[in-house]
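Below you'll find the structure, written out as C-alpha cells, and then a few comments.
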Amino acid sequence: MSVAFSLPDARWRAAEIAFWIATGLVFFVFPSHLVLASQVLITGLFAVSLDLVLGYAGIVSLGHAAMFGTGAYVAGILARNGWGEPLSGLFAAGLAAAAVAFVTSFLALRGEDLTRLMVTLGISLLLYEAANQAGVWTGGVDGLSDMQVRDLFGLFPFDIRGRTAYLYTLAVVFLVFCAARRVVHSPFGLSLRGIRESPRRMAAIGSPVQRRLVVVYTLAGAMAGIAGALLAQTTQFVGLEVLGFSRSADLLIMLVLGGAGWLYGGLVGAALFLVAQSLLSRLNPVYWEFWLGLLIVLVVLLARGGINGALTRVSARLGLARRQA
Amino acid sequence: MLSALPGVLFDGVAYGSLLFLISIGLSVTLGLMNFINLAHGAFAMVGGYACVVATLRYGLPFGVALVVAFAVAAIAGGVLERVLYRRLYGRSPLDQVLFTIGLTFMSIAAATWVFGSGQQPVRLPDTLLGQTRILGVDVGIYRLFLIAIVFALASGLALLVTRTRFGARIRASVDDARTAAGLGIDVERVFSVTFTLGSGLAGLGGALGIDVLGLDPTFPLKYMVYFLLVVVVGGAGTIVGTLCAAMVLGIFDVAGKYYVPWAGAFVIYALMVALLLLFPRGLLRRIR
C-alpha cells in the first residue's frame with residue numbers, strides 16, 4: 001500500500017504537545033488575564049468547529065453563530081431555572097445545538113456556495129429574531145443574567161478572577177479538540193477533504209456525500225454549542241449578540257487569519273484576533289474595526305492561507321535557499 | 001385591517017423600488033462575474049452621505065444632490081473595481097466574502113470617523129412633502145416620486161440592456177463570458193462599466209432612501225441581507241427578476257411590520273429561507 005492511500009499521521013507532534021502545555025502555563029504566567037484567556041479558548045473552540053465545516057468539508061457558512069447561540073441560550077436558561085450543574089448543562093447545550101444543526105443542515109446544504117451562504121445567514125438571523133422576540137425566556141435585548149451556575153463537581157466555585165473558569169474551559173476545549181482531531185484524522189475526515197476538493201468525484205467513487213456533510217455539520221454544531229455553553233457558564237451572561245451576524249463574520253475572519261483546513265488555525269486565529277482586539281479597541285473601537293477590515297483585505301490579497309500559509313511559504317523558501325546553498 | 005391594505009401595498013412598492021434601485025448593480029455584477037460583493041451597500045451609503053453633504057453643507061437643491069450622489073458612488077465603484085475588485089475575480093467565494101466584509105468594515109469605520117455614528121437628516125424640497133389622494137388612498141408624495149423615478153430608471157435600464165449594442169454585450173457576457181470574450185467582446189471592460197453604473201445606481205438609491213431606510217454608518221451591514229436576498233431570489237443577472245424579487249420583499253416586509261409587528265424582522269427572514277429553498281436558482285429561472 002502506497003503512502004498516498006494511508007491515513008494522515010495521527011501521532012501527536014512535539015509542537016502540538018508544547019502548544020497545549022503553553023495554554024496550561026497561561027494559568028500561572030498571566031493570572032490577571034484569565035478572563036481574556038478563557039474567551040480566547042472558547043472562541044478558538046468555536047473556530048475549530050467552523051474549521052471542520054469550512055476548512056475540511058468546504059461549506060462556506062455565514063451563520064455559524066446559530067449553533068453557538070443555541071448552546072449559550074440552552075446553558076443559560078437551564079442555569080437560570082435551577083439546573084446549575086455545569087457539566088450536564090454543557091452536555092444538554094451540545095445536544096440542542098447538534099439538533100439545530102442537524103435539522104438546518106438539510107436546508108443549508110442544498111444549492112451552491114452563494115445559496116448556502118445566504119441560507120446559513122438566514123437561519124442565524126431567524127434564530128436571532130426568535131431570541132429577540134422570546135424575551136420571557138431569553139431576556140431579549142437586555143440579555144439573560146441572574147444565572148446560577150453551581151460549583152464544578154460540587155467542589156470548585158466559579159470565582160471572580162476566573163481561575164476555575166479557565167481550567168474548566170481549558171479542559172473542555174482540550175477534550176473537544178481531541179475529538180475533532182480524531183475525526184479529522186479518521187477515514188471519515190479524509191473523505192470530507194475529498195468532498196471539499198470534488199463532491200462529484202467523491203460521489204462517483206461511492207462516498208455518500210450528502211450524508212457525510214450532514215454528519216459533519218451536526219458534529220460541528222454540537223462543538224459550537226459546547227463553546228457557546230462555556231461562554232454562558234463562565235461569564236454567567238448571555239446577550240443577543242451570541243447569535244449576531246458579526247459573531248459569524250468575525251469567526252470567519254479569525255479562522256482565515258489562522259489558516260483554514262488546519263485545526264490549530266482556529267485557535268491561533270482566535271488568540272491573535274481577540275488579543276489584538278482587546279489592545280486596539282482600548283484605543284478606539286472605531287479604529288479597531290477599520291484596521292480589522294484593512295487586515296482582512298490585505299490577507300485575502302496578499303497572504304493566502306493565513307498565518308499557516310505564510311509560515312509554510314517562508315519555510316519552503318528557507319528550505320529552498322538551503323538546498324541551493 | 002383590510003382597509004389599510006392599499007396603503008400598505010403602496011408603501012411596500014415604494015420600499016421595494018428602493019431595494020431594486022440599490023440591488024440592480026449587485027445583480028448584474030453577480031451574474032456577470034460570479035462575484036459575491038457583500039460591500040455593495042457601502043456604495044449606497046456613499047451616495048447617501050454625498051447627498052447629505054451636498055444639500056446641507058453646500059446648499060445644493062435636492063435634484064442636483066441626487067446627481068452628485070450618483071456620480072460620487074459611481075466614481076468610488078469604478079476606482080475600487082479597477083484597483084481592488086479586479087484582483088478577486090475567479091477567486092473562491094470565501095476569499096470574495098472575506099474581502100468584501102473587510103471593505104464593509106472599513107467603510108463603516110470611515111463613515112463613523114467622518115460623520116459620527118448618528119442618523120443623518122435629510123431636507124426634502126417642499127414640493128415633495130405632504131400627502132395626496134389617489135383612487136381614495138392617501139399616499140405620501142415623496143414615495144410616489146420614488147416609485148416614478150425607479151420605474152423610469154428600470155425602463156431605461158431595460159431599454160439599455162435589450163436595445164443597445166452595449167446591452168447586447170452585457171447579455172452575452174452574462175450568458176457565457178468565455179464565449180463572449182472569444183467573439184471579441186471586451187468582457188473586462190463591460191464589467192468595469194456595469195460595475196461603475198451599478199455603484200452609481202446604488203448611490204442614487206442610498207440618497208433617495210435616506211427618508212425611508214435612514215442613513216447611519218451601519219447601513220451597509222443593516223441592509224446587506226436585503227440586497228443579497230433581492231439578488232439571490234430574483235436570480236442574478238436579470239432585471240425583471242430583480243424587480244419582482246424587490247417588490248415581493250418590499251411588500252412582505254412592510255406588510256409584516258404592519259400586520260404582525262410582534263414578529264419583527266422574522267417575516268422577512270422566514271420568507272428569505274423559504275424562497276431560497278423553493279427557488280434555488282432565482283424566481284425567473286424556475287419559471288423558465
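Each chain of the C-alpha cells is named A, B, ... in the order shown, its residues numbered from 1; ligands are numbered from 1 in display order.
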
Chain A contacts to chain B at 6 Å (only C-alpha atoms) as a PyMOL selection string: chain A and resi 119+122+126+129+286+289-290+293+296-297

Surrounding residues of region 211-220 of chain B excluding itself and chain neighbours under 3 positions, 6 Å, only C-alpha atoms, as a PyMOL selection string: chain B and resi 41-42+108+111-112+118-120+223-224

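Between Gly221 (chain A) and the residues A:Tyr128, A:Phe19, A:Phe46, A:Phe188, the shortest atom-to-atom distance, using only C-alpha atoms, involves A:Phe46.
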
Those of region 119-308 of chain A in DSSP helix (DSSP H, G or I), formatted as a ChimeraX atom specification: /A:119-133,135-138,140-142,163-184,187-197,199-204,209-235,240-243,245-258,263-283,285-301,306-308

Residue among A:Phe245, A:Val183, A:Tyr166, A:Val300 lying closest to Phe28 (chain A), counting only C-alpha atoms: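 Residue with the minimum atom-to-atom distance to Phe28 (chain A): A:Tyr166.
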
Spatial neighbours of Ala276 (chain A), max dist 12 Å, only C-alpha atoms, sep filter under 4 positions, as a VMD selection string: chain A and resid 36 40 254 269 to 272 280 to 283 285 287 to 289 291 to 292 295

Export of prior selection with C-alpha atoms as a short mmCIF file (atom, residue, chain, number, x, y, z; two decimals), in the first residue's frame:
```cif
data_model
loop_
_atom_site.label_atom_id
_atom_site.label_comp_id
_atom_site.auth_asym_id
_atom_site.auth_seq_id
_atom_site.Cartn_x
_atom_site.Cartn_y
_atom_site.Cartn_z
CA LEU A 36 -9.48 37.06 28.29
CA VAL A 40 -9.72 33.04 23.55
CA MET A 254 -10.29 34.53 12.72
CA GLY A 269 -6.58 32.93 14.79
CA ALA A 270 -8.88 33.41 17.78
CA ALA A 271 -5.92 34.23 20.02
CA LEU A 272 -4.49 36.78 17.58
CA LEU A 280 -6.59 48.13 19.89
CA SER A 281 -10.17 48.72 20.91
CA ARG A 282 -8.89 50.18 24.15
CA LEU A 283 -7.56 52.98 21.96
CA PRO A 285 -13.36 50.79 18.96
CA TYR A 287 -10.36 52.39 14.61
CA TRP A 288 -10.24 48.75 15.57
CA GLU A 289 -12.96 47.97 13.03
CA TRP A 291 -7.80 48.14 10.94
CA LEU A 292 -9.55 44.80 11.12
CA LEU A 295 -6.14 43.44 7.68
#
```

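Going from CA of Gln39 (chain A) to CA of Thr23 (chain A) covers 12.6 Å.
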
Who sits within 8 Å of Ala246 (chain B), only C-alpha atoms, same chain under 5 positions skipped, as an NGL selection string: :B and (16-17 or 19-20 or 230 or 234)

Would you export the selected residues with N, CA and C atoms as a PDB file, in the first residue's frame, please?
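Full text of again.pdb as output:
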```
ATOM      1  N   GLY B  16     -39.926  48.536  -2.026  1.00  0.00           N
ATOM      2  CA  GLY B  16     -39.389  47.581  -2.992  1.00  0.00           C
ATOM      3  C   GLY B  16     -38.637  48.275  -4.107  1.00  0.00           C
ATOM      4  N   SER B  17     -39.147  49.428  -4.562  1.00  0.00           N
ATOM      5  CA  SER B  17     -38.447  50.079  -5.673  1.00  0.00           C
ATOM      6  C   SER B  17     -37.088  50.602  -5.215  1.00  0.00           C
ATOM      7  N   LEU B  19     -35.245  49.078  -2.925  1.00  0.00           N
ATOM      8  CA  LEU B  19     -34.429  47.863  -2.894  1.00  0.00           C
ATOM      9  C   LEU B  19     -33.955  47.513  -4.294  1.00  0.00           C
ATOM     10  N   PHE B  20     -34.849  47.671  -5.258  1.00  0.00           N
ATOM     11  CA  PHE B  20     -34.478  47.363  -6.634  1.00  0.00           C
ATOM     12  C   PHE B  20     -33.349  48.264  -7.101  1.00  0.00           C
ATOM     13  N   VAL B 230     -32.584  40.109  -2.466  1.00  0.00           N
ATOM     14  CA  VAL B 230     -33.224  40.526  -3.705  1.00  0.00           C
ATOM     15  C   VAL B 230     -32.523  39.859  -4.879  1.00  0.00           C
ATOM     16  N   GLY B 234     -34.166  36.948  -6.931  1.00  0.00           N
ATOM     17  CA  GLY B 234     -34.507  37.361  -8.281  1.00  0.00           C
ATOM     18  C   GLY B 234     -33.758  36.571  -9.334  1.00  0.00           C
TER      19      GLY B 234
END
```

Point-to-point distance from CA of Asp175 (chain B) to CA of Glu188 (chain B), Å rounded to tenths: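 Distance between the two atoms: 14.5 Å.
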
Test item: residues at most 12 Å from Gly59 (chain B), only C-alpha atoms, excluding those fewer than 4 positions along its chain, as a ChimeraX atom specification: /B:51-55,63-65,122-125

Output for the residues just chosen: N, CA and C atoms as an mmCIF file, in the first residue's frame:
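Okay, this is what ended up in selection_12.cif:
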```cif
data_model
loop_
_atom_site.group_PDB
_atom_site.id
_atom_site.type_symbol
_atom_site.label_atom_id
_atom_site.label_comp_id
_atom_site.auth_asym_id
_atom_site.auth_seq_id
_atom_site.Cartn_x
_atom_site.Cartn_y
_atom_site.Cartn_z
ATOM 1 N N CYS B 51 -25.164 62.930 -0.744
ATOM 2 C CA CYS B 51 -26.380 63.731 -0.849
ATOM 3 C C CYS B 51 -26.524 64.645 0.365
ATOM 4 N N VAL B 52 -26.245 64.095 1.562
ATOM 5 C CA VAL B 52 -26.363 64.895 2.783
ATOM 6 C C VAL B 52 -25.385 66.069 2.744
ATOM 7 N N VAL B 53 -24.150 65.776 2.351
ATOM 8 C CA VAL B 53 -23.146 66.838 2.298
ATOM 9 C C VAL B 53 -23.533 67.889 1.266
ATOM 10 N N ALA B 54 -24.014 67.439 0.114
ATOM 11 C CA ALA B 54 -24.358 68.374 -0.956
ATOM 12 C C ALA B 54 -25.505 69.286 -0.548
ATOM 13 N N THR B 55 -26.526 68.716 0.102
ATOM 14 C CA THR B 55 -27.686 69.558 0.443
ATOM 15 C C THR B 55 -27.412 70.418 1.671
ATOM 16 N N GLY B 63 -32.456 67.835 -6.239
ATOM 17 C CA GLY B 63 -32.269 67.179 -7.528
ATOM 18 C C GLY B 63 -30.799 67.107 -7.918
ATOM 19 N N VAL B 64 -30.080 68.218 -7.734
ATOM 20 C CA VAL B 64 -28.657 68.233 -8.046
ATOM 21 C C VAL B 64 -27.909 67.281 -7.116
ATOM 22 N N ALA B 65 -28.321 67.266 -5.859
ATOM 23 C CA ALA B 65 -27.659 66.395 -4.886
ATOM 24 C C ALA B 65 -27.783 64.934 -5.293
ATOM 25 N N VAL B 122 -32.192 64.550 6.417
ATOM 26 C CA VAL B 122 -32.252 64.947 5.012
ATOM 27 C C VAL B 122 -33.331 66.014 4.885
ATOM 28 N N ARG B 123 -33.048 67.019 4.063
ATOM 29 C CA ARG B 123 -34.079 68.044 3.842
ATOM 30 C C ARG B 123 -34.640 67.871 2.449
ATOM 31 N N LEU B 124 -35.889 67.423 2.404
ATOM 32 C CA LEU B 124 -36.534 67.251 1.112
ATOM 33 C C LEU B 124 -37.134 68.585 0.694
ATOM 34 N N PRO B 125 -37.190 68.834 -0.618
ATOM 35 C CA PRO B 125 -37.847 70.066 -1.076
ATOM 36 C C PRO B 125 -39.326 70.042 -0.719
#
```

Contacts of Leu146 (chain B) at 10 Å (only C-alpha atoms; same-chain gap of 6+ positions) as a ChimeraX atom specification: /B:13-15,17-18,128,140,152,205,208-209

Save the residues we just selected, N, CA and C atoms, as an mmCIF file, in the first residue's frame?
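And here's out15.cif as it stands now:
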```cif
data_model
loop_
_atom_site.group_PDB
_atom_site.id
_atom_site.type_symbol
_atom_site.label_atom_id
_atom_site.label_comp_id
_atom_site.auth_asym_id
_atom_site.auth_seq_id
_atom_site.Cartn_x
_atom_site.Cartn_y
_atom_site.Cartn_z
ATOM 1 N N VAL B 13 -44.496 48.878 -2.210
ATOM 2 C CA VAL B 13 -43.958 49.081 -3.554
ATOM 3 C C VAL B 13 -42.861 50.149 -3.527
ATOM 4 N N ALA B 14 -43.097 51.220 -2.749
ATOM 5 C CA ALA B 14 -42.082 52.272 -2.654
ATOM 6 C C ALA B 14 -40.790 51.701 -2.068
ATOM 7 N N TYR B 15 -40.948 50.900 -1.020
ATOM 8 C CA TYR B 15 -39.798 50.273 -0.372
ATOM 9 C C TYR B 15 -39.097 49.316 -1.344
ATOM 10 N N SER B 17 -39.147 49.428 -4.562
ATOM 11 C CA SER B 17 -38.447 50.079 -5.673
ATOM 12 C C SER B 17 -37.088 50.602 -5.215
ATOM 13 N N LEU B 18 -36.993 51.027 -3.952
ATOM 14 C CA LEU B 18 -35.678 51.411 -3.429
ATOM 15 C C LEU B 18 -34.728 50.217 -3.425
ATOM 16 N N LEU B 128 -42.060 67.977 -2.425
ATOM 17 C CA LEU B 128 -42.132 66.522 -2.267
ATOM 18 C C LEU B 128 -42.709 66.114 -0.919
ATOM 19 N N GLY B 140 -48.038 59.204 0.362
ATOM 20 C CA GLY B 140 -47.030 60.245 0.514
ATOM 21 C C GLY B 140 -46.499 60.650 -0.857
ATOM 22 N N ALA B 152 -39.060 54.743 -14.027
ATOM 23 C CA ALA B 152 -38.435 55.368 -15.190
ATOM 24 C C ALA B 152 -37.046 54.784 -15.415
ATOM 25 N N GLY B 205 -29.784 55.249 -5.038
ATOM 26 C CA GLY B 205 -30.751 54.615 -4.145
ATOM 27 C C GLY B 205 -30.510 54.990 -2.699
ATOM 28 N N LEU B 208 -31.769 58.582 -2.290
ATOM 29 C CA LEU B 208 -33.228 58.646 -2.293
ATOM 30 C C LEU B 208 -33.806 57.976 -1.048
ATOM 31 N N GLY B 209 -33.048 57.017 -0.509
ATOM 32 C CA GLY B 209 -33.591 56.205 0.574
ATOM 33 C C GLY B 209 -33.387 56.760 1.964
#
```

Atomic separation - CA of Leu60 (chain B) relative to CA of Phe115 (chain B), Å: 18.8 Å

Surrounding residues of Val172 (chain A) excluding itself and chain neighbours under 5 positions, 10 Å, only C-alpha atoms, as JSON, numbers by chain: {"A": [41, 42, 45, 87, 90, 166, 167, 177, 178, 226, 227, 230]}

Counting only C-alpha atoms, the residue of A:Thr70, A:Asn81, A:Ser38, A:Gln277 that sits nearest Tyr168 (chain A):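 Using only C-alpha atoms, the shortest distance to Tyr168 (chain A) belongs to A:Ser38.
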